[in-house]
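Chemist: Take a look at this one; I'll ask things after.
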Amino acid sequence: KTNVQQSNLIEIDGSGSEIDKSAAAAGTHIVQNNSSSSNAEEYKDAIDCDVPENGKGLYVARKPRWWRIIAGRRGTKAQRKAINRMTQEGFVLPTLKRYNHHLLLGMVFQVPSGKILSADKILVPQSDCNEETSIGCSSNNGKRICLEIGFGLGDNLLANAWKFPNKNYLGAEIHQPGVGIALMRMEKARNSNSFWMEQTWVDDSDKKQQFFLEEKRNSTATCTEDPTTIAERPYDNLRIYPGDGIKLLAYLPSNSIDEIYLTFPDPWAEERDEKFRVIQETTLDDIAKVLKHGGYFYLATDSMDFHQWTQSVFNVVAERTGMWEKVIECPDRRFWLPVISKYEEKGLAQGRSTKCSCWKFVEQN
């Protein structure tokens with residue numbers, strides 16, 4: 001009941017997750033009731049950002065005050081407790097406040113459960129993890145590493161972690177309620193030794209396969225005295241970063257990520273809010289730094305404005321660097337976006353359609 005009430009307050013799906021319009025209106029109303037300034041003055045906080053005069057193409061992470069009031073709500077008490085427990089179990093990355101450090105991605109996924117992912121264990125100075133040694137910093141026993149920026153409630157992230165156990169997944173979400181809900185699902189799954197199964201699959205065959213495999217897992221577990229002795233437990237291949245996924249890119253070693261997913265980010269539809277859109281020339285440069293050559297960036301959005309904006313930015317950067325190649329026919333979403341989230345369901349019910357795009361990071365011409 002608590003989770004439903006929270007989801008009614010705010011839509012949590014995507015990087016800087018698009019907020020429900022009714023909630024946004026309520027949030028704006030709060031600002032207006034607590035300020036005697038005019039609408040123009042209220043918006044001043046949104047445009048008073050540290051952006052250079054020639055700041056086109058820069059991503060502004062600090063959002064307007066009204067947005068922060070709505071989007072910055074804390075998780076429920078139960079969600080916060082789950083975050084703390086799963087942090088102790090080693091599934092949550094620490095807040096990365098140390099500068100000039102990189103994540104030891106291999107260590108992130110190799111620390112045994114029950115061990116905290118402390119900064120001392122998983123961070124290394126950039127000077128010790130340069131281009132020549134970046135392989136050691138991102139070594140991951142041959143498994144591909146996939147990053148989802150803005151995972152919302154974790155529907156897609158958890159589905160991928162179950163469906164593709166041969167890959168490791170790192171999910172970033174800035175909203176505490178979304179992080180809490182995803183970790184509560186993971187915790188319940190690990191305690192019962194059964195993956196979360198309440199998502200809506202794009203392909204019904206995935207649902208049938210999951211049901212069959214979970215039945216098989218449960219029957220295997222009953223043959224042992226302790227289910228925790230089973231080699232692979234739910235979500236061993238998944239870690240959570242409770243923060244801005246774009247800022248996380250600065251801590252990742254060069255040439256370390258195989259695939260990046262950006263699903264239903266806030267489109268910031270107003271022209272004056274373009275600087276808040278997550279896709280900018282600078283963010284594509286950051287993404288290019290961490291993607292392996294031949295790696296892929298995937299986007300899903302139900303906003304035509306944001307879809308067109310993204311195509312335009314990629315075209316500009318591709319022309320400037322020669323390092324991005326549009327995949328004309330986007331790969332089947334069942335291999336990277338296999339579920340339909342509550343947010344996507346709402347958009348479809350309102351007449352919006354999901355637009356999927358993909359770009360390949362290639363060697364510079």
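In the structure tokens, chains take letters A, B, ... by order of appearance, with residues numbered from 1 within each chain and ligands from 1 in the order shown.
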Would you kindly return, as a PyMOL selection string, each protein, DNA or RNA residue with an atom no farther than 9 Å from any atom of Arg74 in chain A, considering only C-alpha atoms and excluding same-chain residues fewer than 6 positions away?
Modeler: chain A and resi 80+175-177
Chemist: Would you kindly return, as number ranges by chain, each protein, DNA or RNA residue with an atom no farther than 10 Å from any atom of Gln311 in chain A, considering only C-alpha atoms and excluding same-chain residues fewer than 4 positions away?
Modeler: A: 279, 306-307, 315-316, 326, 357, 359
Chemist: So that I can check the secondary structure, give me every residue of range 88-300 of chain A assigned alpha helix (DSSP H) by backbone DSSP, as a VMD selection string.
Modeler: chain A and resid 88 105 to 110 119 to 122 134 to 138 155 to 163 176 to 192 204 to 221 245 to 248 281 to 290
Chemist: I need the residue nearest Glu271 in chain A from this list: A:Trp309, A:Trp201, A:Trp162, A:Trp196. Use only C-alpha atoms for the distance.
Modeler: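 Ranked by minimum distance to Glu271 in chain A, first place goes to A:Trp309.
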Chemist: Sorted by chain and rising residue number, which residues of range 246-354 of chain A lie within 12 Å of range 101-123 of chain A, and what are their closest atom pairs and distances in Å to one decimal, counting only C-alpha atoms, as CSV?
Modeler:
residue,atom,partner,partner_atom,distance
A:Leu248,CA,A:Leu103,CA,9.5
A:Leu249,CA,A:His102,CA,9.5
A:Ala250,CA,A:His102,CA,7.7
A:Tyr251,CA,A:His102,CA,4.5
A:Leu252,CA,A:His102,CA,5.4
A:Pro253,CA,A:His102,CA,5.8
A:Ser254,CA,A:His102,CA,9.2
A:Asn255,CA,A:Leu105,CA,11.6
A:Ser256,CA,A:Leu105,CA,8.1
A:Ile257,CA,A:Leu105,CA,9.4
A:Val290,CA,A:His102,CA,11.0
Chemist: Save out the residues we just selected, C-alpha atoms, as a PDB file, in the first residue's frame.
Modeler:
ATOM      1  CA  LEU A 248      28.624   8.251 -12.490  1.00  0.00           C
ATOM      2  CA  LEU A 249      30.242   8.230 -15.950  1.00  0.00           C
ATOM      3  CA  ALA A 250      33.128  10.322 -14.593  1.00  0.00           C
ATOM      4  CA  TYR A 251      34.078   7.460 -12.244  1.00  0.00           C
ATOM      5  CA  LEU A 252      34.041   4.694 -14.841  1.00  0.00           C
ATOM      6  CA  PRO A 253      37.292   3.637 -16.522  1.00  0.00           C
ATOM      7  CA  SER A 254      37.730   4.324 -20.200  1.00  0.00           C
ATOM      8  CA  ASN A 255      36.656   1.534 -22.551  1.00  0.00           C
ATOM      9  CA  SER A 256      34.885  -0.399 -19.776  1.00  0.00           C
ATOM     10  CA  ILE A 257      31.131  -0.603 -20.598  1.00  0.00           C
ATOM     11  CA  VAL A 290      33.426   4.725 -21.095  1.00  0.00           C
TER      12      VAL A 290
END
Chemist: Name the closest residue to Glu232 in chain A among the candidates A:Phe264, A:Arg190, A:Phe91, A:Glu270; distances are taken between atoms, counting only C-alpha atoms.
Modeler: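 Closest to Glu232 in chain A of all the choices is A:Arg190.
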Chemist: Among the residues of range 83-204 of chain A, find those DSSP assigns to strand (DSSP E) from the backbone and print them as a PyMOL selection string.
Modeler: chain A and resi 101-103+123-125+144-149+167-172
Chemist: Separation of CA of Leu262 in chain A and CA of Lys143 in chain A, in Å?
Modeler: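 Computing it gives 20.7 Å between the two atoms.
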Chemist: Figure out the distance between CA of Ala182 in chain A and CA of Gly351 in chain A, please, to one decimal in Å.
Modeler: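 Result for CA of Gly351 in chain A versus CA of Ala182 in chain A: 27.6 Å, one decimal.
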Chemist: In Å to one decimal, how far is CA of Val60 in chain A from CA of Asp273 in chain A?
Modeler: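 Distance between the two atoms: 9.7 Å.
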